[in-house]
Amino acid sequence: MTRVQAARTQVAIIGSGPSGLLLAQMLDRAGIASVVLERRSRDYVLGRVRAGVIEQGSVEILRRAGVAERMLREGLRHEGVEIAADERRYRIDFGVASASLTVYGQTELTKDLMEARDASGGSPQFEAEDVALIGVDTTKPRVIYGREGVRHALDCDFIAGCDGFHGVSRQSIPAGVLKTHERVYPFGWLGVLADTPPISRELVYASHERGFALCSMRSAARSRCYVQCDLDADVAQWSDERFWDELAARLPAELASRVVRAPTIEKSVAPLRSFVAEPLRYGRLFLAGDAAHIVPPTGAKGLNLAIRDVDQLAAALVAHYAEGRDGLLDEYSASALRRIWRAERFSAWLTSVLHRFPERTSFDRGMQLAELENLTSSTAARTAFVEAYTGLLP
Ligand code: FAD
Ligand code: PHB
């Protein structure tokens with residue numbers, strides 16, 4: 001690669017997951033130019049199966065961004081959730097806090113966001129190699145990368161690090177400035193997608209002696225289910241039969257009898273982690289989404305936090321360009337971190353209540369069951385759960 005192609009934009013966005021695509025969409029609607037650089041191919045990005053629960057507040061943000069039309073049509077509205085522990089079943093009605101959730105796959109949301117980018121003529125630059133951020137602590141940051149055999153230099157005013165946990169953006173903050181806080185869990189989730197009807201109209205989270213299980217869905221005919229597994233679990237060792245057997249073994253008998261075993265379309269293992277980076281701003285670089293934080297998926301918060309970060313960052317950039325006000329940019333890190341830590345708290349708590357931890361004692365199990373009893377018997381506890389789970393708090 002010898003030739004260097006130079007270009008300029010206002011905001012360089014690293015990563016075309018939900019964070020990067022949504023930020024580009026929001027900036028575009030405010031007349032702010034951006035370029036999205038993505039390491040992977042379009043097919044890879046569109047093929048990833050991940051989260052599925054969208055909070056009411058996120059739906060509102062996506063609606064404002066003009067990308068919620070299909071979600072509002074095809075998404076499933078949920079007004080409660082079930083938690084099971086061995087044979088006991090608890091239903092938590094979101095009505096205690098007048099809340100609801102929408103179940104709509106991240107894969108579908110990514111497709112909607114990508115279509116909006118394509119329609120605006122701002123499709124991501126896929127398969128961008130060796131992305132490097134230069135001069136982020138100056139007023140003239142630059143992103144360099146390789147693509148189709150050509151070296152590129154992209155000058156910009158700001159860089160948005162939307163490149164997920166393993167991205168390059170967070171690593172561009174000097175070690176002496178960046179602080180990280182982390183808890184790694186001694187287990188993972190094995191998830192499958194299958195064309196089989198959900199066992200219930202609502203999500204079922206199950207805490208069992210054999211480990212955690214979750215029955216979620218994508219439609220009336222498509223299920224998304226997970227079982228807690230060892231960190232080194234090998235998908236090849238998990239036949240469809242073994243997966244469905246293990247799922248059924250962790251559910252109350254009546255729910256287990258409703259599991260309809262179908263061939264799986266996708267099967268993958270995800271490790272569980274709690275992680276927070278700070279600050280979320282270094283000079284002209286801003287982190288958003290999984291680049292800034294990771295929550296274990298138990299609370300269904302990862303995607304929703306990403307959407308909130310981006311909403312806040314977009315508003316701050318709009319205030320900068322439209323009104324010359326930088327107050328929101330200055331506040332971004334501290335204000336986002338307050339929300340992030342609250343979501344971390346809830347996700348870590350729900351993870352600790354529902355999973356089987358190695359070396360757990362019978363006392364620990366008693367504590368888990370008492371937490372669940374408390375949720376059903378105390379209106380205050382139930383309301384607090386619904387506020388956190390459905391993302392009612394700002
Ligand atoms: P990502 O979706 O990770 O997107 C980042 C993008 O940046 C990717 O496309 C990546 O290819 C790109 N990128 C990375 N490095 C570079 C680079 N150097 N240069 C250019 N581009 C780069 N949340 C839930 O609520 N429920 C779940 O069940 C759930 N399951 C998950 C399973 C897995 C395996 C993972 C990783 C996450 C899961 N999450 C889940 C979390 C949720 O999916 C994320 O919070 C959400 O995807 C965050 O969006 P993002 O855009 O910030 O990051
Ligand atoms: C999902 O549908 O993929 C899903 C739902 C709830 C969670 C995590 C994942 O907590």
# chains A, B, ... in the order shown; residues from 1 in each chain; ligands from 1

call {"tool": "closest_atom_pairs", "arguments": {"of": "chain A", "to": "ligand 1", "cutoff": "8 Å", "atoms": "only C-alpha atoms and all ligand atoms", "output": "CSV"}}
result
residue,atom,partner,partner_atom_place_in_ligand_line,distance
A:Ile14,CA,ligand 1,20 (C),5.2
A:Gly15,CA,ligand 1,7 (O),3.3
A:Ser16,CA,ligand 1,9 (O),4.6
A:Gly17,CA,ligand 1,4 (O),3.4
A:Pro18,CA,ligand 1,51 (O),4.0
A:Ser19,CA,ligand 1,51 (O),3.7
A:Gly20,CA,ligand 1,51 (O),5.7
A:Leu21,CA,ligand 1,51 (O),7.5
A:Leu37,CA,ligand 1,20 (C),5.4
A:Glu38,CA,ligand 1,21 (N),3.8
A:Arg39,CA,ligand 1,20 (C),3.9
A:Arg40,CA,ligand 1,11 (O),5.0
A:Val45,CA,ligand 1,9 (O),5.6
A:Val49,CA,ligand 1,32 (C),7.2
A:Arg50,CA,ligand 1,30 (N),4.1
A:Ala51,CA,ligand 1,26 (N),3.4
A:Gly52,CA,ligand 1,26 (N),6.1
A:Val53,CA,ligand 1,25 (O),6.5
A:Gln106,CA,ligand 1,43 (O),7.0
A:Glu127,CA,ligand 1,20 (C),7.9
A:Ala128,CA,ligand 1,20 (C),6.2
A:Glu129,CA,ligand 1,19 (N),6.9
A:Asp130,CA,ligand 1,18 (N),6.6
A:Val131,CA,ligand 1,19 (N),5.2
A:Ala132,CA,ligand 1,18 (N),7.7
A:Cys162,CA,ligand 1,52 (O),5.3
A:Asp163,CA,ligand 1,7 (O),3.2
A:Gly164,CA,ligand 1,3 (O),3.7
A:Phe165,CA,ligand 1,3 (O),6.3
A:His166,CA,ligand 1,15 (N),5.7
A:Gly167,CA,ligand 1,15 (N),3.5
A:Val168,CA,ligand 1,18 (N),4.5
A:Ser169,CA,ligand 1,18 (N),7.3
A:Ser268,CA,ligand 1,34 (C),7.6
A:Val269,CA,ligand 1,34 (C),7.0
A:Ala270,CA,ligand 1,34 (C),4.7
A:Pro271,CA,ligand 1,34 (C),7.5
A:Ala288,CA,ligand 1,52 (O),6.2
A:Gly289,CA,ligand 1,52 (O),3.4
A:Asp290,CA,ligand 1,52 (O),4.0
A:Ala291,CA,ligand 1,52 (O),6.0
A:Ala292,CA,ligand 1,52 (O),8.0
A:Ile294,CA,ligand 1,45 (O),6.7
A:Val295,CA,ligand 1,41 (C),7.4
A:Pro296,CA,ligand 1,23 (N),7.5
A:Pro297,CA,ligand 1,26 (N),4.5
A:Thr298,CA,ligand 1,26 (N),7.2
A:Gly299,CA,ligand 1,25 (O),6.9
A:Ala300,CA,ligand 1,25 (O),3.5
A:Lys301,CA,ligand 1,25 (O),4.7
A:Gly302,CA,ligand 1,45 (O),3.4
A:Leu303,CA,ligand 1,45 (O),4.0
A:Asn304,CA,ligand 1,25 (O),7.1
A:Leu305,CA,ligand 1,45 (O),7.2
A:Ala306,CA,ligand 1,52 (O),5.4

call {"tool": "residues_around", "arguments": {"residues": "Val204 in chain A", "least_positions_apart": "4", "cutoff": "8 Å", "atoms": "only C-alpha atoms", "output": "list in words"}}
result
Val81, Glu82, Ile83, Ala84, Ser200, Leu214, Cys215 and Ser216 of chain A

call {"tool": "write_last_selection", "arguments": {"atoms": "N, CA, C and O atoms", "output": "PDB file, in the first residue's frame"}}
result
ATOM      1  N   VAL A  81     -42.750 -10.307  33.112  1.00  0.00           N
ATOM      2  CA  VAL A  81     -41.677 -11.281  32.914  1.00  0.00           C
ATOM      3  C   VAL A  81     -41.832 -12.345  33.991  1.00  0.00           C
ATOM      4  O   VAL A  81     -42.371 -12.072  35.065  1.00  0.00           O
ATOM      5  N   GLU A  82     -41.389 -13.553  33.667  1.00  0.00           N
ATOM      6  CA  GLU A  82     -41.501 -14.624  34.665  1.00  0.00           C
ATOM      7  C   GLU A  82     -40.113 -15.028  35.150  1.00  0.00           C
ATOM      8  O   GLU A  82     -39.171 -15.116  34.364  1.00  0.00           O
ATOM      9  N   ILE A  83     -40.017 -15.253  36.457  1.00  0.00           N
ATOM     10  CA  ILE A  83     -38.775 -15.779  37.018  1.00  0.00           C
ATOM     11  C   ILE A  83     -39.121 -17.093  37.709  1.00  0.00           C
ATOM     12  O   ILE A  83     -40.086 -17.151  38.485  1.00  0.00           O
ATOM     13  N   ALA A  84     -38.386 -18.155  37.373  1.00  0.00           N
ATOM     14  CA  ALA A  84     -38.647 -19.463  37.981  1.00  0.00           C
ATOM     15  C   ALA A  84     -37.443 -19.870  38.814  1.00  0.00           C
ATOM     16  O   ALA A  84     -36.307 -19.529  38.480  1.00  0.00           O
ATOM     17  N   SER A 200     -43.634 -19.603  26.312  1.00  0.00           N
ATOM     18  CA  SER A 200     -44.563 -18.740  27.030  1.00  0.00           C
ATOM     19  C   SER A 200     -44.656 -17.424  26.257  1.00  0.00           C
ATOM     20  O   SER A 200     -43.783 -17.112  25.451  1.00  0.00           O
ATOM     21  N   LEU A 214     -32.600 -19.250  30.221  1.00  0.00           N
ATOM     22  CA  LEU A 214     -33.472 -18.151  29.800  1.00  0.00           C
ATOM     23  C   LEU A 214     -34.194 -18.551  28.514  1.00  0.00           C
ATOM     24  O   LEU A 214     -33.560 -19.011  27.567  1.00  0.00           O
ATOM     25  N   CYS A 215     -35.512 -18.389  28.513  1.00  0.00           N
ATOM     26  CA  CYS A 215     -36.293 -18.612  27.293  1.00  0.00           C
ATOM     27  C   CYS A 215     -36.790 -17.271  26.808  1.00  0.00           C
ATOM     28  O   CYS A 215     -37.657 -16.654  27.432  1.00  0.00           O
ATOM     29  N   SER A 216     -36.223 -16.809  25.705  1.00  0.00           N
ATOM     30  CA  SER A 216     -36.667 -15.571  25.091  1.00  0.00           C
ATOM     31  C   SER A 216     -37.210 -15.914  23.699  1.00  0.00           C
ATOM     32  O   SER A 216     -37.417 -17.091  23.380  1.00  0.00           O
TER      33      SER A 216
END

call {"tool": "select_by_dssp", "arguments": {"residues": "range 227-368 of chain A", "states": "helix (DSSP H, G or I)", "output": "MDAnalysis selection string"}}
result
chainID A and resid 235:237 240:249 253:256 289:291 297:299 302:323 327:354 362:368

call {"tool": "closest_residue", "arguments": {"among": "A:Thr102, A:Gln5, A:Gln171, A:Asn374", "to": "ligand 2", "atoms": "only C-alpha atoms and all ligand atoms"}}
result
A:Thr102

call {"tool": "select_by_dssp", "arguments": {"residues": "range 241-384 of chain A", "states": "strand (DSSP E)", "output": "list in words"}}
result
Thr264, Ile265, Glu266, Lys267, Ser268, Val269, Ala270, Pro271, Leu272, Arg273, Ser274, Phe275, Val276, Ala277, Glu278, Arg281, Tyr282, Leu285, Phe286, Leu287, His293 and Ile294 of chain A

call {"tool": "closest_residue", "arguments": {"among": "A:Arg365, A:Lys179, A:Val276, A:Arg284", "to": "Asp157 in chain A", "atoms": "only C-alpha atoms"}}
result
A:Arg284

call {"tool": "closest_residue", "arguments": {"among": "A:Ser172, A:Thr264, A:Thr107, A:Ser207", "to": "Phe286 in chain A", "atoms": "only C-alpha atoms"}}
result
A:Ser172

call {"tool": "residues_around", "arguments": {"residues": "Gln237 in chain A", "least_positions_apart": "6", "cutoff": "12 Å", "atoms": "only C-alpha atoms", "output": "list in words"}}
result
Leu190, Cys229, Asp230, Phe243, Lys267, Ser268 and Val269 of chain A

call {"tool": "write_last_selection", "arguments": {"atoms": "N, CA, C and O atoms", "output": "compact mmCIF listing (two decimals), in the first residue's frame"}}
result
# COMPACT_ATOMS: atom_id res chain seq x y z
N LEU A 190 -24.57 -20.22 26.75
CA LEU A 190 -24.67 -20.87 25.45
C LEU A 190 -26.04 -20.49 24.91
O LEU A 190 -27.06 -20.79 25.54
N CYS A 229 -23.28 -22.02 30.95
CA CYS A 229 -22.36 -23.10 30.59
C CYS A 229 -20.97 -22.79 31.14
O CYS A 229 -20.72 -21.69 31.62
N ASP A 230 -20.08 -23.78 31.05
CA ASP A 230 -18.70 -23.53 31.46
C ASP A 230 -18.07 -22.53 30.50
O ASP A 230 -18.44 -22.45 29.33
N PHE A 243 -28.69 -29.57 24.07
CA PHE A 243 -29.11 -28.23 24.49
C PHE A 243 -30.55 -28.26 25.00
O PHE A 243 -30.86 -27.77 26.09
N LYS A 267 -25.85 -21.08 17.14
CA LYS A 267 -25.47 -21.57 18.46
C LYS A 267 -24.12 -20.94 18.80
O LYS A 267 -23.18 -21.06 18.01
N SER A 268 -24.03 -20.24 19.92
CA SER A 268 -22.74 -19.62 20.25
C SER A 268 -22.61 -19.44 21.76
O SER A 268 -23.60 -19.42 22.49
N VAL A 269 -21.36 -19.31 22.20
CA VAL A 269 -21.06 -19.13 23.62
C VAL A 269 -20.59 -17.70 23.84
O VAL A 269 -19.77 -17.19 23.07
